[in-house]
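Pasting start_19.cif here (mmCIF, C-alpha atoms):
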data_upload
loop_
_atom_site.group_PDB
_atom_site.id
_atom_site.type_symbol
_atom_site.label_atom_id
_atom_site.label_comp_id
_atom_site.auth_asym_id
_atom_site.auth_seq_id
_atom_site.Cartn_x
_atom_site.Cartn_y
_atom_site.Cartn_z
ATOM 1 C CA MET A 1 -9.582 10.356 -10.496
ATOM 2 C CA ASP A 2 -7.628 8.905 -13.398
ATOM 3 C CA VAL A 3 -10.029 6.811 -15.492
ATOM 4 C CA GLY A 4 -7.165 5.300 -17.452
ATOM 5 C CA ARG A 5 -5.553 4.144 -14.212
ATOM 6 C CA CYS A 6 -8.809 2.394 -13.268
ATOM 7 C CA PHE A 7 -8.508 0.199 -16.349
ATOM 8 C CA ARG A 8 -4.761 -0.310 -15.975
ATOM 9 C CA ASP A 9 -5.088 -1.338 -12.341
ATOM 10 C CA ALA A 10 -7.975 -3.653 -13.165
ATOM 11 C CA PHE A 11 -6.133 -5.526 -15.904
ATOM 12 C CA GLU A 12 -2.882 -5.780 -13.948
ATOM 13 C CA VAL A 13 -4.623 -7.263 -10.904
ATOM 14 C CA TYR A 14 -6.831 -9.442 -13.093
ATOM 15 C CA LYS A 15 -3.837 -10.990 -14.892
ATOM 16 C CA GLN A 16 -2.161 -11.944 -11.629
ATOM 17 C CA ASN A 17 -5.290 -13.258 -9.893
ATOM 18 C CA LEU A 18 -7.401 -14.850 -12.607
ATOM 19 C CA VAL A 19 -8.085 -18.090 -10.726
ATOM 20 C CA VAL A 20 -8.964 -16.382 -7.428
ATOM 21 C CA LEU A 21 -11.289 -13.909 -9.146
ATOM 22 C CA VAL A 22 -13.075 -16.576 -11.193
ATOM 23 C CA VAL A 23 -13.571 -18.728 -8.095
ATOM 24 C CA ALA A 24 -14.887 -15.685 -6.204
ATOM 25 C CA ALA A 25 -17.389 -14.960 -8.976
ATOM 26 C CA LEU A 26 -18.477 -18.608 -8.989
ATOM 27 C CA LEU A 27 -18.923 -18.664 -5.214
ATOM 28 C CA VAL A 28 -20.984 -15.478 -5.227
ATOM 29 C CA ASP A 29 -23.351 -16.890 -7.841
ATOM 30 C CA VAL A 30 -23.691 -20.295 -6.193
ATOM 31 C CA LEU A 31 -24.005 -19.076 -2.602
ATOM 32 C CA GLY A 32 -26.364 -16.282 -3.609
ATOM 33 C CA LEU A 33 -28.610 -18.746 -5.404
ATOM 34 C CA LEU A 34 -28.508 -21.410 -2.678
ATOM 35 C CA THR A 35 -29.409 -18.866 0.016
ATOM 36 C CA LEU A 36 -32.138 -17.175 -2.049
ATOM 37 C CA LEU A 37 -30.082 -13.959 -2.272
ATOM 38 C CA ILE A 38 -29.726 -13.688 1.513
ATOM 39 C CA LEU A 39 -25.926 -13.768 1.370
ATOM 40 C CA LEU A 40 -25.539 -11.424 -1.583
ATOM 41 C CA GLY A 41 -25.130 -8.347 0.623
ATOM 42 C CA PRO A 42 -22.287 -9.754 2.732
ATOM 43 C CA LEU A 43 -20.742 -11.315 -0.368
ATOM 44 C CA ALA A 44 -20.882 -7.967 -2.186
ATOM 45 C CA GLY A 45 -19.063 -6.490 0.790
ATOM 46 C CA GLY A 46 -16.552 -9.313 0.612
ATOM 47 C CA LEU A 47 -15.974 -8.701 -3.088
ATOM 48 C CA SER A 48 -15.410 -5.026 -2.345
ATOM 49 C CA LEU A 49 -12.846 -5.912 0.312
ATOM 50 C CA LEU A 50 -11.140 -8.530 -1.863
ATOM 51 C CA THR A 51 -10.778 -6.273 -4.904
ATOM 52 C CA LEU A 52 -9.824 -3.196 -2.902
ATOM 53 C CA ARG A 53 -7.062 -4.989 -1.020
ATOM 54 C CA ALA A 54 -5.751 -6.452 -4.278
ATOM 55 C CA VAL A 55 -5.666 -3.020 -5.936
ATOM 56 C CA ARG A 56 -3.938 -1.458 -2.924
ATOM 57 C CA SER A 57 -1.436 -4.279 -2.436
ATOM 58 C CA LYS A 58 2.080 -3.717 -3.762
ATOM 59 C CA GLU A 59 2.088 -7.318 -4.963
ATOM 60 C CA GLN A 60 -1.445 -6.863 -6.392
ATOM 61 C CA ARG A 61 -2.462 -10.210 -4.922
ATOM 62 C CA ALA A 62 -6.065 -11.118 -4.137
ATOM 63 C CA ASP A 63 -6.953 -13.285 -1.131
ATOM 64 C CA LEU A 64 -10.049 -15.460 -1.552
ATOM 65 C CA ASN A 65 -10.551 -15.411 2.224
ATOM 66 C CA ASP A 66 -11.411 -11.708 1.945
ATOM 67 C CA LEU A 67 -14.656 -12.749 0.275
ATOM 68 C CA PHE A 68 -15.910 -13.921 3.670
ATOM 69 C CA ARG A 69 -14.250 -11.366 5.955
ATOM 70 C CA ALA A 70 -17.099 -8.879 5.546
ATOM 71 C CA PHE A 71 -19.559 -11.268 7.211
ATOM 72 C CA SER A 72 -18.789 -9.504 10.489
ATOM 73 C CA LYS A 73 -20.878 -6.653 9.015
ATOM 74 C CA PHE A 74 -23.675 -8.980 7.950
ATOM 75 C CA LEU A 75 -26.659 -6.825 8.965
ATOM 76 C CA PRO A 76 -25.491 -3.505 7.459
ATOM 77 C CA LEU A 77 -24.447 -5.209 4.235
ATOM 78 C CA PHE A 78 -27.666 -7.189 4.069
ATOM 79 C CA GLY A 79 -29.664 -3.982 4.536
ATOM 80 C CA LEU A 80 -27.539 -2.023 2.075
ATOM 81 C CA PHE A 81 -27.964 -4.699 -0.579
ATOM 82 C CA TRP A 82 -31.754 -4.645 -0.485
ATOM 83 C CA LEU A 83 -31.932 -0.886 -0.063
ATOM 84 C CA THR A 84 -29.975 -0.444 -3.298
ATOM 85 C CA PHE A 85 -30.916 -3.573 -5.249
ATOM 86 C CA VAL A 86 -34.676 -2.993 -5.353
ATOM 87 C CA PRO A 87 -34.658 0.613 -6.657
ATOM 88 C CA ILE A 88 -31.808 -0.129 -9.072
ATOM 89 C CA MET A 89 -33.671 -3.106 -10.502
ATOM 90 C CA LEU A 90 -36.916 -1.125 -10.793
ATOM 91 C CA GLY A 91 -35.090 1.798 -12.408
ATOM 92 C CA THR A 92 -33.343 -0.510 -14.851
ATOM 93 C CA VAL A 93 -36.478 -2.409 -15.821
ATOM 94 C CA ILE A 94 -38.559 0.739 -16.267
ATOM 95 C CA LEU A 95 -36.176 2.757 -18.431
ATOM 96 C CA ILE A 96 -32.546 1.654 -17.818
ATOM 97 C CA VAL A 97 -31.403 5.278 -17.312
ATOM 98 C CA PRO A 98 -32.745 5.625 -13.727
ATOM 99 C CA GLY A 99 -31.095 2.326 -12.864
ATOM 100 C CA LEU A 100 -27.738 3.473 -14.271
ATOM 101 C CA TYR A 101 -28.038 6.752 -12.377
ATOM 102 C CA LEU A 102 -28.608 4.972 -9.068
ATOM 103 C CA MET A 103 -25.842 2.464 -9.774
ATOM 104 C CA THR A 104 -23.502 5.386 -10.383
ATOM 105 C CA ILE A 105 -24.227 7.483 -7.309
ATOM 106 C CA TRP A 106 -24.154 4.413 -5.040
ATOM 107 C CA MET A 107 -21.174 2.700 -6.678
ATOM 108 C CA PHE A 108 -18.880 3.139 -3.653
ATOM 109 C CA SER A 109 -21.377 2.377 -0.879
ATOM 110 C CA PHE A 110 -20.240 -1.203 -0.159
ATOM 111 C CA TYR A 111 -16.599 -0.097 -0.156
ATOM 112 C CA LEU A 112 -17.366 2.576 2.423
ATOM 113 C CA VAL A 113 -19.025 0.042 4.729
ATOM 114 C CA VAL A 114 -16.178 -2.492 4.632
ATOM 115 C CA ASP A 115 -13.282 -0.043 4.342
ATOM 116 C CA ARG A 116 -14.408 2.934 6.409
ATOM 117 C CA ASP A 117 -16.983 1.255 8.681
ATOM 118 C CA GLU A 118 -19.716 3.626 7.525
ATOM 119 C CA GLY A 119 -23.367 2.958 8.291
ATOM 120 C CA VAL A 120 -25.879 2.090 5.596
ATOM 121 C CA PHE A 121 -27.330 5.545 4.984
ATOM 122 C CA ALA A 122 -24.023 7.334 5.538
ATOM 123 C CA SER A 123 -22.387 5.125 2.912
ATOM 124 C CA LEU A 124 -25.047 6.061 0.357
ATOM 125 C CA GLY A 125 -24.628 9.773 0.998
ATOM 126 C CA LYS A 126 -20.834 9.701 1.001
ATOM 127 C CA SER A 127 -20.784 7.562 -2.138
ATOM 128 C CA GLN A 128 -22.773 10.241 -3.928
ATOM 129 C CA GLN A 129 -20.380 12.916 -2.661
ATOM 130 C CA MET A 130 -17.426 10.935 -3.984
ATOM 131 C CA VAL A 131 -19.107 10.543 -7.370
ATOM 132 C CA ASN A 132 -19.874 14.268 -7.561
ATOM 133 C CA ARG A 133 -16.305 15.223 -6.716
ATOM 134 C CA ALA A 134 -14.786 12.682 -9.107
ATOM 135 C CA GLY A 135 -17.074 13.856 -11.908
ATOM 136 C CA PHE A 136 -20.419 12.216 -12.566
ATOM 137 C CA GLY A 137 -19.543 11.605 -16.227
ATOM 138 C CA ASN A 138 -16.364 9.696 -15.333
ATOM 139 C CA CYS A 139 -18.193 7.553 -12.802
ATOM 140 C CA LEU A 140 -21.081 6.948 -15.201
ATOM 141 C CA LEU A 141 -18.588 5.639 -17.750
ATOM 142 C CA LEU A 142 -17.179 3.182 -15.209
ATOM 143 C CA THR A 143 -20.675 2.117 -14.185
ATOM 144 C CA PHE A 144 -21.638 1.557 -17.804
ATOM 145 C CA VAL A 145 -18.555 -0.602 -18.394
ATOM 146 C CA GLU A 146 -19.250 -2.662 -15.273
ATOM 147 C CA PHE A 147 -22.923 -3.005 -16.239
ATOM 148 C CA ALA A 148 -21.968 -4.089 -19.765
ATOM 149 C CA LEU A 149 -19.594 -6.722 -18.390
ATOM 150 C CA HIS A 150 -22.449 -8.118 -16.309
ATOM 151 C CA LEU A 151 -24.884 -8.096 -19.235
ATOM 152 C CA ALA A 152 -22.603 -9.494 -21.950
ATOM 153 C CA PRO A 153 -22.701 -13.114 -20.733
ATOM 154 C CA LEU A 154 -26.520 -13.132 -20.900
ATOM 155 C CA GLY A 155 -26.297 -13.111 -24.685
ATOM 156 C CA ILE A 156 -24.299 -16.340 -24.796
ATOM 157 C CA PRO A 157 -26.490 -19.474 -24.758
ATOM 158 C CA TYR A 158 -25.692 -22.291 -22.326
ATOM 159 C CA VAL A 159 -22.230 -21.141 -21.253
ATOM 160 C CA GLY A 160 -23.012 -17.486 -20.548
ATOM 161 C CA CYS A 161 -22.706 -17.863 -16.762
ATOM 162 C CA ILE A 162 -19.278 -19.473 -17.116
ATOM 163 C CA PHE A 163 -18.152 -16.634 -19.391
ATOM 164 C CA GLY A 164 -19.502 -14.211 -16.801
ATOM 165 C CA TRP A 165 -17.275 -15.654 -14.076
ATOM 166 C CA PHE A 166 -14.293 -14.668 -16.208
ATOM 167 C CA ILE A 167 -15.242 -11.131 -17.221
ATOM 168 C CA THR A 168 -17.328 -9.626 -14.390
ATOM 169 C CA PRO A 169 -14.327 -9.411 -12.018
ATOM 170 C CA ILE A 170 -12.804 -6.839 -14.374
ATOM 171 C CA GLY A 171 -15.711 -4.511 -13.609
ATOM 172 C CA TRP A 172 -15.286 -5.002 -9.864
ATOM 173 C CA LEU A 173 -11.598 -4.123 -10.106
ATOM 174 C CA ILE A 174 -12.270 -1.000 -12.168
ATOM 175 C CA VAL A 175 -14.575 0.358 -9.458
ATOM 176 C CA ALA A 176 -12.176 -0.705 -6.698
ATOM 177 C CA SER A 177 -9.389 1.299 -8.344
ATOM 178 C CA ALA A 178 -11.642 4.362 -8.643
ATOM 179 C CA TYR A 179 -12.553 4.124 -4.966
ATOM 180 C CA ALA A 180 -8.930 3.669 -3.912
ATOM 181 C CA GLN A 181 -7.858 6.712 -5.918
ATOM 182 C CA LEU A 182 -10.545 8.911 -4.424
ATOM 183 C CA ILE A 183 -9.746 7.858 -0.882
ATOM 184 C CA GLU A 184 -6.018 8.350 -1.484
ATOM 185 C CA SER A 185 -6.574 11.844 -2.809
ATOM 186 C CA GLN A 186 -8.820 12.654 0.167
ATOM 187 C CA LYS A 187 -11.475 14.208 -2.018
ATOM 188 C CA LEU A 188 -14.081 13.302 0.609
ATOM 189 C CA PRO A 189 -14.111 13.693 4.393
ATOM 190 C CA LEU A 190 -13.786 10.074 5.435
ATOM 191 C CA SER A 191 -15.611 10.082 8.740
ATOM 192 C CA ASP A 192 -17.432 12.384 11.130
ATOM 193 C CA GLU A 193 -14.366 12.368 13.388
ATOM 194 C CA GLU A 194 -12.091 13.424 10.516
ATOM 195 C CA VAL A 195 -14.538 16.149 9.552
ATOM 196 C CA ARG A 196 -14.439 17.536 13.100
ATOM 197 C CA SER A 197 -10.643 17.356 13.249
ATOM 198 C CA SER A 198 -10.318 19.313 10.021
ATOM 199 C CA ASP A 199 -12.539 22.182 11.246
#

Could you quickly redo this structure as structure tokens?
Amino acid sequence: MDVGRCFRDAFEVYKQNLVVLVVAALLVDVLGLLTLLILLGPLAGGLSLLTLRAVRSKEQRADLNDLFRAFSKFLPLFGLFWLTFVPIMLGTVILIVPGLYLMTIWMFSFYLVVDRDEGVFASLGKSQQMVNRAGFGNCLLLTFVEFALHLAPLGIPYVGCIFGWFITPIGWLIVASAYAQLIESQKLPLSDEEVRSSD
């Protein structure tokens, strides 16, 4: 995995899709709040699909409709969100480091559900395998950058959430590029069927 490429891809896609990405960030916040977090799992899956398709596209164009295309996997994404959100939040509140560790090893789980049709627990395990093969340190760096982009707006009074809509998509795109690179390089068996065929 080329860490530099993660940042290059992110900024190139971001420049071409600023409006779409800001609107997506706004919709996630508003819909998540209005539904008492119920839709955050499917929306996280939608964000994964939206950013991944933009990174993979030759034109590097993002489609806002992708934000809602993961709703067909509502139950797995809903379950995955709560299965990861609760321990990550607890780990972050207690000492930050455990939260960052969990965020890192599970950073590709939503992508695996929407892109490879993996189940909830399989996506967690395969995400950790991808992180291990890419290098935990590299993935931790990307997680830290994404986490910092989420935290930065909290320090800005009154308009912090608006600022967040503009900068958090960069973090999503960085992770999407990392995932795309790892899948392209086939560093991880992608499904049980592919594992069997390679034996």

Selection result for the PyMOL selection byres ((chain A and resi 124) around 8) on this file, as an NGL selection string: :A and (105-106 or 108-109 or 120-123 or 125-128)

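With all atoms listed in the file as the basis for measurement, A:Leu173 is the residue among A:Leu173, A:Leu34, A:Leu182, A:Met1 that approaches A:Leu21 most closely.
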
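Once the PyMOL selection byres ((chain A and resi 151) around 12) is applied to the shown structure, the selection contains Phe144, Val145, Glu146, Phe147, Ala148, Leu149, His150, Ala152, Pro153, Leu154, Gly155, Ile156, Gly160, Cys161, Phe163, Gly164, Trp165, Ile167, Thr168 and Gly171 of chain A.
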
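For the atom pair formed by atom CA of A:Leu52 and atom CA of A:Pro169, the distance is 11.9 Å, given to one decimal.
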
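Ranking A:Gly46, A:Pro87, A:Ser57, A:Val93 by their shortest atom-to-atom distance to A:Phe74, with all atoms listed in the file included, puts A:Gly46 first.
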
Between atom CA of A:Asn65 and atom CA of A:Ser177 - distance in Å to one decimal: 19.8 Å

Among listed residues A:Leu50, A:Ile174, A:Val159, A:Leu100, nearest A:Leu142 (using all atoms listed in the file): A:Ile174

Which of A:Ser72, A:Thr143, A:Thr51, A:Gln16 sits closest to A:Gly99 [using all atoms listed in the file]: A:Thr143

Length of the atom CA of A:Lys73 to atom CA of A:Ser185 vector [Å]: 26.2 Å

Contacts of A:Ala134 within 12 Å, all atoms listed in the file, excl. fewer than 2 positions in-chain, as a VMD selection string: chain A and resid 1 to 3 104 to 105 108 127 to 132 136 to 142 178 to 183 185 to 188

Best match for closeness to A:Asp29 among A:Tyr111, A:Ala70, A:Leu43, A:Arg56, counting only C-alpha atoms: A:Leu43

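This file, filtered with the PyMOL selection byres ((chain A and resi 24) around 9), gives the residues Val19, Val20, Leu21, Val22, Val23, Ala25, Leu26, Leu27, Val28, Asp29, Leu47, Leu64, Leu67, Trp165 and Pro169 of chain A.
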
Residue contacts of A:Pro76 (10 Å, only C-alpha atoms) excluding same-chain residues fewer than 5 positions away, as a count of residues only: 13

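Restricting the calculation to only C-alpha atoms, the smallest distance between A:Glu59 and any of A:Leu36, A:Ile88, A:Val13, A:Val30 is found for A:Val13.
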